[in-house]
>>> print(open('model-v6.cif').read())   # mmCIF, C-alpha atoms and all ligand atoms
data_input
#
loop_
_atom_site.label_atom_id
_atom_site.label_comp_id
_atom_site.auth_asym_id
_atom_site.auth_seq_id
_atom_site.Cartn_x
_atom_site.Cartn_y
_atom_site.Cartn_z
CA MET D 1 0.00 0.00 0.00
CA ASP D 2 2.77 2.44 0.93
CA ALA D 3 4.53 1.82 -2.41
CA ARG D 4 1.31 2.54 -4.29
CA ILE D 5 0.75 5.73 -2.30
CA LEU D 6 4.33 6.81 -2.93
CA ALA D 7 3.83 6.37 -6.65
CA LYS D 8 0.52 8.23 -6.61
CA PRO D 9 0.13 10.37 -3.45
CA GLN D 10 -3.14 11.91 -4.59
CA ALA D 11 -4.79 8.46 -4.33
CA THR D 12 -5.41 9.13 -0.65
CA ASP D 13 -6.86 12.63 -1.08
CA THR D 14 -10.52 11.61 -0.94
CA PHE D 15 -10.01 9.41 2.07
CA ASN D 16 -7.98 12.04 3.92
CA GLU D 17 -10.61 14.64 3.22
CA LYS D 18 -13.39 12.38 4.54
CA LEU D 19 -11.35 11.54 7.61
CA ASP D 20 -10.74 15.20 8.41
CA ILE D 21 -14.46 15.98 8.11
CA ALA D 22 -15.40 13.01 10.27
CA LEU D 23 -12.85 13.97 12.94
CA GLU D 24 -14.26 17.48 12.99
CA ASP D 25 -17.87 16.26 13.17
CA SER D 26 -17.11 13.74 15.91
CA PHE D 27 -14.85 15.62 18.23
CA SER D 28 -15.14 19.35 17.62
CA LYS D 29 -18.84 20.08 17.69
CA ASP D 30 -21.33 18.45 20.02
CA GLY D 31 -20.14 14.98 19.09
CA GLU D 32 -23.65 13.91 18.16
CA ASP D 33 -22.95 12.93 14.56
CA SER D 34 -23.12 9.16 14.86
CA SER D 35 -22.30 8.54 11.18
CA ALA D 36 -18.98 10.36 11.70
CA HIS D 37 -18.31 8.33 14.86
CA ILE D 38 -18.99 5.04 13.10
CA PHE D 39 -16.67 5.98 10.24
CA ILE D 40 -13.87 6.90 12.67
CA GLN D 41 -14.27 3.85 14.88
CA ARG D 42 -14.47 1.45 11.93
CA CYS D 43 -11.27 2.90 10.42
CA LEU D 44 -9.54 2.49 13.76
CA TYR D 45 -10.87 -1.02 14.31
CA HIS D 46 -9.71 -2.20 10.87
CA ILE D 47 -6.20 -0.97 11.64
CA ASN D 48 -6.16 -2.31 15.22
CA ARG D 49 -7.39 -5.79 14.29
CA LEU D 50 -4.09 -6.30 12.44
CA LYS D 51 -2.46 -6.61 15.88
CA LEU D 52 -4.18 -9.99 16.23
CA PHE D 53 -3.79 -13.14 14.18
CA TRP D 54 -7.01 -14.44 12.62
CA TYR D 55 -5.80 -17.71 11.07
CA ASP D 56 -6.70 -16.43 7.62
CA GLU D 57 -4.71 -15.65 4.46
CA LEU D 58 -1.20 -14.45 5.34
CA GLN D 59 -1.35 -11.79 2.67
CA ASN D 60 -4.10 -10.09 4.72
CA TYR D 61 -1.25 -8.82 6.92
CA SER D 62 0.96 -7.39 4.21
CA ASN D 63 0.10 -3.82 5.25
CA GLU D 64 0.46 -4.31 8.98
CA ASN D 65 3.51 -2.02 9.13
CA SER D 66 2.21 0.49 6.64
CA ARG D 67 3.34 4.04 7.35
CA PHE D 68 0.04 5.30 5.93
CA LEU D 69 -2.04 3.17 8.33
CA PHE D 70 0.21 4.16 11.23
CA ASP D 71 -0.38 7.83 10.47
CA VAL D 72 -4.15 7.36 10.14
CA ARG D 73 -4.28 5.58 13.48
CA SER D 74 -2.15 8.21 15.21
CA LYS D 75 -4.24 11.02 13.78
CA ILE D 76 -7.50 9.44 14.96
CA GLU D 77 -6.20 8.38 18.37
CA GLU D 78 -4.81 11.81 19.14
CA ARG D 79 -8.16 13.55 18.66
CA TRP D 80 -10.32 10.76 19.97
CA SER D 81 -8.42 9.99 23.18
CA ALA D 82 -8.33 13.67 24.17
CA TRP D 83 -12.11 13.83 23.62
CA GLU D 84 -12.71 10.67 25.67
CA GLU D 85 -10.51 11.86 28.52
CA ASN D 86 -12.63 15.00 28.76
CA GLN D 87 -15.77 12.97 29.36
CA VAL D 88 -14.53 11.47 32.61
CA SER D 89 -13.17 13.61 35.39
CA SER D 90 -9.97 12.24 36.83
CA LYS D 91 -7.54 13.84 39.19
CA LYS D 92 -4.15 12.98 40.58
CA LEU D 93 -4.53 11.08 43.84
CA ASN D 94 -1.82 10.20 46.32
CA SER D 95 -1.05 6.54 46.90
CA SER D 96 -3.10 6.10 50.09
CA GLU D 97 -6.12 7.67 48.38
CA VAL D 98 -5.66 5.32 45.42
CA ALA D 99 -5.76 2.25 47.67
CA GLN D 100 -8.92 3.46 49.35
CA VAL D 101 -10.64 4.49 46.13
CA LEU D 102 -9.87 1.19 44.39
CA CYS D 103 -11.22 -0.84 47.31
CA GLU D 104 -14.38 1.29 47.43
CA ARG D 105 -14.93 1.01 43.68
CA ALA D 106 -14.43 -2.76 43.82
CA ASP D 107 -17.02 -3.04 46.60
CA GLU D 108 -19.54 -0.86 44.82
CA ASP D 109 -19.28 -2.45 41.39
CA LEU D 110 -19.30 -6.08 42.48
CA ASP D 111 -22.98 -6.06 43.23
CA PRO D 112 -24.57 -2.75 42.18
CA GLU D 113 -28.24 -1.94 41.67
CA PRO D 114 -29.08 -3.07 38.12
CA SER D 115 -28.91 -0.29 35.54
CA GLU D 116 -31.89 0.60 33.34
CA GLU D 117 -30.18 -1.30 30.51
CA GLY D 118 -29.58 -4.31 32.74
CA LYS D 119 -33.21 -4.40 33.84
CA TYR D 120 -34.44 -4.08 30.29
CA ILE D 121 -32.32 -7.03 29.18
CA ARG D 122 -33.27 -9.10 32.20
CA ASP D 123 -37.00 -8.43 32.12
CA GLU D 124 -38.03 -7.41 28.63
CA ILE D 125 -36.01 -8.47 25.61
CA SER D 126 -37.51 -11.06 23.29
CA GLU D 127 -35.59 -13.99 21.83
CA ASN D 128 -34.92 -11.86 18.79
CA GLY D 129 -33.50 -9.14 21.05
CA TYR D 130 -31.35 -11.73 22.80
CA ARG D 131 -30.01 -12.88 19.44
CA ARG D 132 -29.12 -9.31 18.57
CA LEU D 133 -27.36 -8.88 21.92
CA LEU D 134 -25.26 -11.96 21.14
CA ALA D 135 -24.57 -10.88 17.56
CA ILE D 136 -23.22 -7.48 18.65
CA ALA D 137 -21.33 -8.77 21.69
CA SER D 138 -19.73 -11.53 19.60
CA LEU D 139 -17.31 -9.05 18.02
CA ASP D 140 -15.43 -8.96 21.31
CA GLY D 141 -16.66 -12.23 22.84
CA LEU D 142 -15.20 -14.47 20.12
CA VAL D 143 -11.69 -13.06 20.60
CA GLU D 144 -12.06 -12.10 24.24
CA ALA D 145 -8.98 -11.37 26.34
CA SER D 146 -6.89 -10.92 23.17
CA GLN D 147 -5.65 -7.51 24.28
CA LEU D 148 -4.52 -9.03 27.57
CA SER D 149 -2.06 -11.15 25.59
CA ARG D 150 -0.41 -7.92 24.43
CA VAL D 151 0.59 -6.82 27.95
CA LEU D 152 2.03 -10.09 29.24
CA GLY D 153 5.50 -10.05 27.68
CA GLY D 154 8.48 -8.46 29.40
CA ALA D 155 10.36 -8.67 32.68
CA ALA D 156 9.22 -11.22 35.25
CA SER D 157 7.21 -10.19 38.29
CA ASP D 158 4.41 -11.45 40.52
CA VAL D 159 2.05 -9.04 38.77
CA GLN D 160 3.02 -10.43 35.37
CA LEU D 161 2.37 -13.96 36.60
CA MET D 162 -1.02 -13.07 38.04
CA LEU D 163 -2.06 -11.46 34.75
CA THR D 164 -0.84 -14.61 33.00
CA LYS D 165 -2.88 -16.77 35.36
CA ILE D 166 -6.01 -14.77 34.53
CA PHE D 167 -5.15 -15.01 30.83
CA TRP D 168 -4.69 -18.78 31.18
CA GLU D 169 -8.18 -19.11 32.65
CA GLU D 170 -9.67 -16.90 29.91
CA TYR D 171 -8.00 -19.28 27.45
CA GLY D 172 -9.57 -22.34 29.08
CA GLY D 173 -6.40 -23.65 30.73
CA GLY D 174 -5.23 -24.91 27.34
CA LYS D 175 -8.50 -26.69 26.43
CA LEU D 176 -10.25 -25.21 23.41
CA GLY D 177 -13.67 -26.30 24.65
CA ARG D 178 -13.17 -24.43 27.91
CA LYS D 179 -11.83 -21.25 26.34
CA HIS D 180 -14.25 -18.43 27.11
CA SER D 181 -14.57 -17.55 23.43
CA SER D 182 -15.63 -21.17 22.75
CA HIS D 183 -18.51 -20.69 25.18
CA PHE D 184 -19.49 -17.64 23.16
CA ALA D 185 -19.38 -19.62 19.91
CA THR D 186 -21.58 -22.31 21.49
CA MET D 187 -24.15 -19.71 22.53
CA LEU D 188 -24.28 -18.29 19.01
CA GLU D 189 -24.67 -21.73 17.43
CA GLU D 190 -27.39 -22.65 19.90
CA LEU D 191 -29.35 -19.63 18.71
CA GLY D 192 -28.69 -20.42 15.03
CA LEU D 193 -26.27 -17.51 14.62
CA ASP D 194 -22.95 -17.35 12.78
CA SER D 195 -20.05 -18.10 15.14
CA ARG D 196 -17.28 -16.88 12.85
CA PRO D 197 -15.41 -13.88 14.28
CA GLU D 198 -16.59 -10.50 12.97
CA ALA D 199 -19.67 -12.00 11.24
CA TYR D 200 -21.83 -9.18 12.60
CA LEU D 201 -19.34 -6.33 12.39
CA ASP D 202 -21.78 -4.31 10.24
CA ILE D 203 -24.40 -4.02 12.99
CA VAL D 204 -21.99 -3.11 15.82
CA PRO D 205 -22.67 0.41 17.17
CA TRP D 206 -19.75 2.87 17.27
CA GLU D 207 -19.84 2.92 21.06
CA VAL D 208 -19.02 -0.81 21.15
CA LEU D 209 -16.23 -0.37 18.59
CA ALA D 210 -14.88 2.52 20.68
CA ASN D 211 -14.77 0.24 23.71
CA ILE D 212 -12.73 -2.35 21.77
CA ASN D 213 -10.47 0.31 20.23
CA HIS D 214 -9.86 1.76 23.68
CA SER D 215 -8.60 -1.61 24.85
CA PHE D 216 -6.21 -1.74 21.87
CA LEU D 217 -5.08 1.82 22.57
CA LEU D 218 -4.12 1.05 26.18
CA SER D 219 -2.68 -2.42 25.65
CA GLU D 220 -0.45 -1.33 22.75
CA GLN D 221 1.15 1.57 24.67
CA LYS D 222 3.24 0.49 27.60
CA ARG D 223 3.19 4.01 29.08
CA LYS D 224 -0.53 3.42 29.59
CA PHE D 225 -0.03 0.07 31.36
CA LEU D 226 -1.51 1.31 34.66
CA ARG D 227 -4.61 2.61 32.89
CA TYR D 228 -4.99 -0.74 31.13
CA VAL D 229 -4.78 -2.53 34.49
CA GLY D 230 -7.42 -0.21 36.00
CA GLY D 231 -9.71 -0.85 33.04
CA LEU D 232 -9.27 -4.61 33.22
CA MET D 233 -9.93 -4.49 36.94
CA PHE D 234 -13.26 -2.76 36.31
CA ILE D 235 -14.22 -5.36 33.69
CA GLU D 236 -13.41 -8.33 35.91
CA ILE D 237 -15.16 -6.78 38.93
CA SER D 238 -18.32 -5.67 37.13
CA VAL D 239 -18.92 -8.53 34.71
CA PRO D 240 -20.56 -11.00 37.15
CA ALA D 241 -23.36 -8.53 37.94
CA SER D 242 -23.96 -7.42 34.35
CA PHE D 243 -23.79 -10.94 32.90
CA ARG D 244 -26.26 -12.14 35.54
CA ASN D 245 -28.91 -10.05 33.78
CA ASN D 246 -28.06 -11.66 30.43
CA LYS D 247 -28.25 -15.12 31.97
CA LEU D 248 -31.61 -14.35 33.60
CA ALA D 249 -32.89 -13.11 30.23
CA GLY D 250 -31.91 -16.42 28.64
CA GLU D 251 -33.63 -18.36 31.42
CA ARG D 252 -36.78 -16.22 31.18
CA LEU D 253 -36.87 -16.99 27.46
CA GLY D 254 -36.66 -20.72 28.21
CA LEU D 255 -33.30 -21.17 26.48
CA ASN D 256 -31.11 -24.10 27.51
CA GLY D 257 -27.80 -23.94 29.38
CA GLU D 258 -25.71 -23.93 26.19
CA ALA D 259 -27.37 -20.67 25.16
CA THR D 260 -26.20 -18.93 28.35
CA SER D 261 -22.94 -20.76 29.13
CA TYR D 262 -20.65 -17.81 28.42
CA TRP D 263 -22.50 -15.70 31.01
CA ASP D 264 -22.41 -18.58 33.48
CA ILE D 265 -18.68 -19.15 33.32
CA HIS D 266 -18.00 -15.45 33.86
CA ILE D 267 -20.34 -15.17 36.82
CA LYS D 268 -18.24 -17.89 38.46
CA GLU D 269 -14.72 -17.01 37.31
CA ASP D 270 -14.77 -13.24 37.27
CA ILE D 271 -15.63 -12.88 40.95
CA ARG D 272 -12.23 -14.50 41.51
CA HIS D 273 -10.53 -12.55 38.69
CA GLY D 274 -11.80 -9.26 40.13
CA GLN D 275 -10.28 -10.02 43.53
CA TRP D 276 -6.99 -11.06 41.90
CA MET D 277 -6.92 -7.84 39.91
CA LEU D 278 -7.40 -5.78 43.06
CA ASN D 279 -5.17 -7.64 45.52
CA ASP D 280 -2.50 -9.18 43.33
CA VAL D 281 -2.21 -6.72 40.46
CA ALA D 282 -3.45 -3.22 41.34
CA LEU D 283 -2.28 -2.99 44.96
CA PRO D 284 1.25 -4.33 44.25
CA LEU D 285 1.50 -1.89 41.31
CA LEU D 286 0.54 0.88 43.69
CA GLU D 287 3.61 0.03 45.80
CA LYS D 288 5.80 -0.02 42.72
CA TYR D 289 4.47 3.20 41.14
CA PRO D 290 3.14 5.37 44.01
CA GLU D 291 3.39 8.58 41.98
CA ASP D 292 1.54 7.27 38.93
CA ALA D 293 -0.87 4.86 40.65
CA TRP D 294 -3.77 7.31 40.23
CA GLU D 295 -3.71 6.32 36.54
CA MET D 296 -5.23 2.97 37.59
CA VAL D 297 -8.22 4.86 39.01
CA MET D 298 -8.39 6.88 35.80
CA GLY D 299 -8.35 3.67 33.74
CA TYR D 300 -10.99 2.13 35.97
CA ASP D 301 -13.35 5.12 35.76
CA GLN D 302 -12.86 5.54 32.04
CA GLN D 303 -13.61 1.86 31.41
CA LYS D 304 -16.73 2.14 33.56
CA PHE D 305 -17.91 5.06 31.44
CA LEU D 306 -17.07 3.35 28.13
CA SER D 307 -18.73 0.08 29.18
CA ALA D 308 -21.92 1.88 30.27
CA ARG D 309 -22.02 3.85 27.01
CA ALA D 310 -21.54 0.67 24.98
CA ALA D 311 -24.26 -1.15 26.97
CA ALA D 312 -26.67 1.74 26.38
CA ALA D 313 -25.93 1.62 22.63
CA ILE D 314 -26.54 -2.14 22.52
CA VAL D 315 -29.86 -1.74 24.31
CA ALA D 316 -30.86 1.11 21.96
CA SER D 317 -30.06 -1.16 19.03
CA ILE D 318 -32.11 -4.00 20.56
CA ARG D 319 -35.08 -1.70 21.26
CA LYS D 320 -34.99 -0.57 17.64
CA SER D 321 -34.91 -4.16 16.45
CA GLU D 322 -37.83 -5.07 18.73
CA ASP D 323 -39.83 -2.33 16.98
CA ASP D 324 -39.01 -3.69 13.56
CA PRO D 325 -37.90 -7.31 13.98
CA VAL D 326 -38.54 -8.39 10.40
CA LEU D 327 -36.20 -5.84 8.94
CA VAL D 328 -33.45 -6.61 11.42
CA GLN D 329 -33.88 -10.33 10.99
CA GLU D 330 -33.44 -9.92 7.25
CA LYS D 331 -30.36 -7.79 7.77
CA MET D 332 -28.84 -10.32 10.16
CA GLU D 333 -29.59 -13.19 7.79
CA SER D 334 -28.08 -11.31 4.87
CA LEU D 335 -24.88 -11.02 6.86
CA ILE D 336 -24.58 -14.75 7.48
FE FE D 401 -13.52 -14.16 29.98
FE FE D 402 -12.11 -12.89 33.57
#
>>> encode(input="model-v6.cif", output="structure tokens")
Amino acid sequence: MDARILAKPQATDTFNEKLDIALEDSFSKDGEDSSAHIFIQRCLYHINRLKLFWYDELQNYSNENSRFLFDVRSKIEERWSAWEENQVSSKKLNSSEVAQVLCERADEDLDPEPSEEGKYIRDEISENGYRRLLAIASLDGLVEASQLSRVLGGAASDVQLMLTKIFWEEYGGGKLGRKHSSHFATMLEELGLDSRPEAYLDIVPWEVLANINHSFLLSEQKRKFLRYVGGLMFIEISVPASFRNNKLAGERLGLNGEATSYWDIHIKEDIRHGQWMLNDVALPLLEKYPEDAWEMVMGYDQQKFLSARAAAAIVASIRKSEDDPVLVQEKMESLI
């Protein structure tokens, strides 16, 4: 790609122009232009996904080190991350405050009052809505914990080993059938959906893509390691409560255990993972980096915000599909 651009630089003019407009529409005005957001987040996702291996044609990776793609990603991330950081207030805390705040957050988020979105999923969605929930969530669920693999390498420490232990459990302890993503694939198949990764990329709201791109952003930049850890801690702590609503929805709809197994395994395992993240990852890192430890709180709070925004977007998409199930069904089938 870079050689082609070098030979004909004007080939990128239209794209660059569109990108500049979309960046302006997303991050300069009121940020309400969702078509600009989806364009930005899809561009970023398509570049970020090259960090993972998909067991497909090797030539699909021939542009992974493209200077052009690197520049596009940097340009987007610079504007986007500044905009995101403005949405969540975070301040520098001293190390004793960080310890207290992390313990309080962990307590609060382990078993919170269900959100409006959680209640809607638990009490109201139809089977069609449940299928849509799975289709959208599959973009992350089928490759889950992939970004964690990107922060494991490097010098040995107890923190590194605890992160590896969590990773090992996410990856089913070496058994494909027990890998969390395999549970997701089983759920999809049980509902007659496509279990190939990215099958439903076209119906994923920008807020969900932003959540995935955020995880790439933090895991690929070692300077942001503490923020990544804070974000992962929030996910592990909060997942049991939020997935309980999904599981109860499946049960209310009379679906069998295979159709809810991914939620089940997380309700069990993530209570443990959350405690490990707090006691064996975050608190030891606080000792090691007392000056910068507040970044874990920042990462935690930002992830909480991004997760809630993504959940709200998924529910909005489900509500829309409940209003017009035929149309959505056709769209989903056309994607298979
Ligand atoms: Fe998992
Ligand atoms: Fe986990």
>>> residues_near_point(input="model-v6.cif", point="(-5.5, -2.4, 14.2)", cutoff="9 Å", atoms="all atoms listed in the file", output="VMD selection string")
chain D and resid 43 to 52 64 69 73 213 216
>>> write_last_selection(input="model-v6.cif", atoms="C-alpha atoms", output="JSON list (two decimals), in the frame of the given file")
[["chain", "number", "residue", "atom", "x", "y", "z"],
["D", 43, "CYS", "CA", -11.27, 2.90, 10.42],
["D", 44, "LEU", "CA", -9.54, 2.49, 13.76],
["D", 45, "TYR", "CA", -10.87, -1.02, 14.31],
["D", 46, "HIS", "CA", -9.71, -2.20, 10.87],
["D", 47, "ILE", "CA", -6.20, -0.97, 11.64],
["D", 48, "ASN", "CA", -6.16, -2.31, 15.22],
["D", 49, "ARG", "CA", -7.39, -5.79, 14.29],
["D", 50, "LEU", "CA", -4.09, -6.30, 12.44],
["D", 51, "LYS", "CA", -2.46, -6.61, 15.88],
["D", 52, "LEU", "CA", -4.18, -9.99, 16.23],
["D", 64, "GLU", "CA", 0.46, -4.31, 8.98],
["D", 69, "LEU", "CA", -2.04, 3.17, 8.33],
["D", 73, "ARG", "CA", -4.28, 5.58, 13.48],
["D", 213, "ASN", "CA", -10.47, 0.31, 20.23],
["D", 216, "PHE", "CA", -6.21, -1.74, 21.87]]
>>> closest_atom_pairs(input="model-v6.cif", of="region 29-142 of chain D", to="region 253-260 of chain D", cutoff="9 Å", atoms="all atoms listed in the file", output="tab-separated table")
residue	atom	partner	partner_atom	distance
D:Ile125	CA	D:Leu253	CA	8.8
D:Ser126	CA	D:Leu253	CA	7.3
D:Glu127	CA	D:Leu253	CA	6.5
D:Tyr130	CA	D:Leu253	CA	8.9
>>> closest_residue(input="model-v6.cif", among="D:Leu306, D:Met233, D:Ile5, D:Ile76", to="Ala36 (chain D)", atoms="only C-alpha atoms")
D:Ile76
>>> closest_atom_pairs(input="model-v6.cif", of="chain D", to="ligand FE 402 (chain D)", cutoff="7 Å", atoms="all atoms listed in the file", output="CSV")
residue,atom,partner,partner_atom,distance
D:Ile166,CA,D:FE402,FE,6.5
D:Glu170,CA,D:FE402,FE,6.0
D:Glu236,CA,D:FE402,FE,5.3
D:His266,CA,D:FE402,FE,6.4
D:Glu269,CA,D:FE402,FE,6.1
D:Asp270,CA,D:FE402,FE,4.6
D:His273,CA,D:FE402,FE,5.4
>>> residues_near_ligand(input="model-v6.cif", ligand="ligand FE 401 (chain D)", cutoff="12 Å", atoms="only C-alpha atoms and all ligand atoms", output="VMD selection string")
chain D and resid 140 to 148 166 to 173 178 to 184 232 235 to 237 239 to 240 243 261 to 274
>>> atom_distance(input="model-v6.cif", atom1="CA of Glu287 (chain D)", atom2="CA of Phe305 (chain D)")
26.4 Å
>>> closest_residue(input="model-v6.cif", among="D:Ser219, D:Val204, D:Ala82, D:Lys91", to="Arg150 (chain D)", atoms="all atoms listed in the file")
D:Ser219
>>> decode(input="model-v6.cif", residues="region 119-131 of chain D", atoms="N, CA, C and O atoms", output="PDB file, in the first residue's frame")
ATOM      1  N   LYS D 119     -31.833  -3.976  33.546  1.00  0.00           N
ATOM      2  CA  LYS D 119     -33.209  -4.404  33.844  1.00  0.00           C
ATOM      3  C   LYS D 119     -33.977  -4.698  32.565  1.00  0.00           C
ATOM      4  O   LYS D 119     -34.764  -5.637  32.505  1.00  0.00           O
ATOM      5  N   TYR D 120     -33.738  -3.868  31.556  1.00  0.00           N
ATOM      6  CA  TYR D 120     -34.440  -4.078  30.287  1.00  0.00           C
ATOM      7  C   TYR D 120     -34.060  -5.440  29.693  1.00  0.00           C
ATOM      8  O   TYR D 120     -34.929  -6.211  29.260  1.00  0.00           O
ATOM      9  N   ILE D 121     -32.759  -5.731  29.713  1.00  0.00           N
ATOM     10  CA  ILE D 121     -32.319  -7.029  29.177  1.00  0.00           C
ATOM     11  C   ILE D 121     -32.910  -8.166  30.002  1.00  0.00           C
ATOM     12  O   ILE D 121     -33.471  -9.126  29.475  1.00  0.00           O
ATOM     13  N   ARG D 122     -32.801  -8.037  31.313  1.00  0.00           N
ATOM     14  CA  ARG D 122     -33.269  -9.102  32.203  1.00  0.00           C
ATOM     15  C   ARG D 122     -34.767  -9.358  32.054  1.00  0.00           C
ATOM     16  O   ARG D 122     -35.206 -10.508  31.960  1.00  0.00           O
ATOM     17  N   ASP D 123     -35.546  -8.270  31.996  1.00  0.00           N
ATOM     18  CA  ASP D 123     -37.003  -8.432  32.117  1.00  0.00           C
ATOM     19  C   ASP D 123     -37.771  -8.344  30.803  1.00  0.00           C
ATOM     20  O   ASP D 123     -38.916  -8.766  30.739  1.00  0.00           O
ATOM     21  N   GLU D 124     -37.176  -7.736  29.786  1.00  0.00           N
ATOM     22  CA  GLU D 124     -38.026  -7.407  28.635  1.00  0.00           C
ATOM     23  C   GLU D 124     -37.623  -7.964  27.278  1.00  0.00           C
ATOM     24  O   GLU D 124     -38.494  -8.173  26.436  1.00  0.00           O
ATOM     25  N   ILE D 125     -36.345  -8.146  27.009  1.00  0.00           N
ATOM     26  CA  ILE D 125     -36.011  -8.473  25.612  1.00  0.00           C
ATOM     27  C   ILE D 125     -36.637  -9.804  25.173  1.00  0.00           C
ATOM     28  O   ILE D 125     -36.796 -10.728  25.953  1.00  0.00           O
ATOM     29  N   SER D 126     -36.950  -9.840  23.897  1.00  0.00           N
ATOM     30  CA  SER D 126     -37.507 -11.059  23.294  1.00  0.00           C
ATOM     31  C   SER D 126     -36.338 -11.957  22.866  1.00  0.00           C
ATOM     32  O   SER D 126     -35.168 -11.563  22.965  1.00  0.00           O
ATOM     33  N   GLU D 127     -36.666 -13.119  22.327  1.00  0.00           N
ATOM     34  CA  GLU D 127     -35.594 -13.991  21.831  1.00  0.00           C
ATOM     35  C   GLU D 127     -34.836 -13.312  20.694  1.00  0.00           C
ATOM     36  O   GLU D 127     -33.620 -13.431  20.577  1.00  0.00           O
ATOM     37  N   ASN D 128     -35.584 -12.582  19.877  1.00  0.00           N
ATOM     38  CA  ASN D 128     -34.924 -11.861  18.789  1.00  0.00           C
ATOM     39  C   ASN D 128     -33.948 -10.807  19.326  1.00  0.00           C
ATOM     40  O   ASN D 128     -32.835 -10.635  18.824  1.00  0.00           O
ATOM     41  N   GLY D 129     -34.369 -10.129  20.407  1.00  0.00           N
ATOM     42  CA  GLY D 129     -33.496  -9.141  21.048  1.00  0.00           C
ATOM     43  C   GLY D 129     -32.262  -9.806  21.638  1.00  0.00           C
ATOM     44  O   GLY D 129     -31.151  -9.272  21.552  1.00  0.00           O
ATOM     45  N   TYR D 130     -32.472 -10.979  22.213  1.00  0.00           N
ATOM     46  CA  TYR D 130     -31.351 -11.733  22.802  1.00  0.00           C
ATOM     47  C   TYR D 130     -30.356 -12.128  21.709  1.00  0.00           C
ATOM     48  O   TYR D 130     -29.136 -12.049  21.892  1.00  0.00           O
ATOM     49  N   ARG D 131     -30.886 -12.528  20.568  1.00  0.00           N
ATOM     50  CA  ARG D 131     -30.010 -12.879  19.442  1.00  0.00           C
ATOM     51  C   ARG D 131     -29.196 -11.664  19.001  1.00  0.00           C
ATOM     52  O   ARG D 131     -28.023 -11.765  18.683  1.00  0.00           O
TER      53      ARG D 131
END
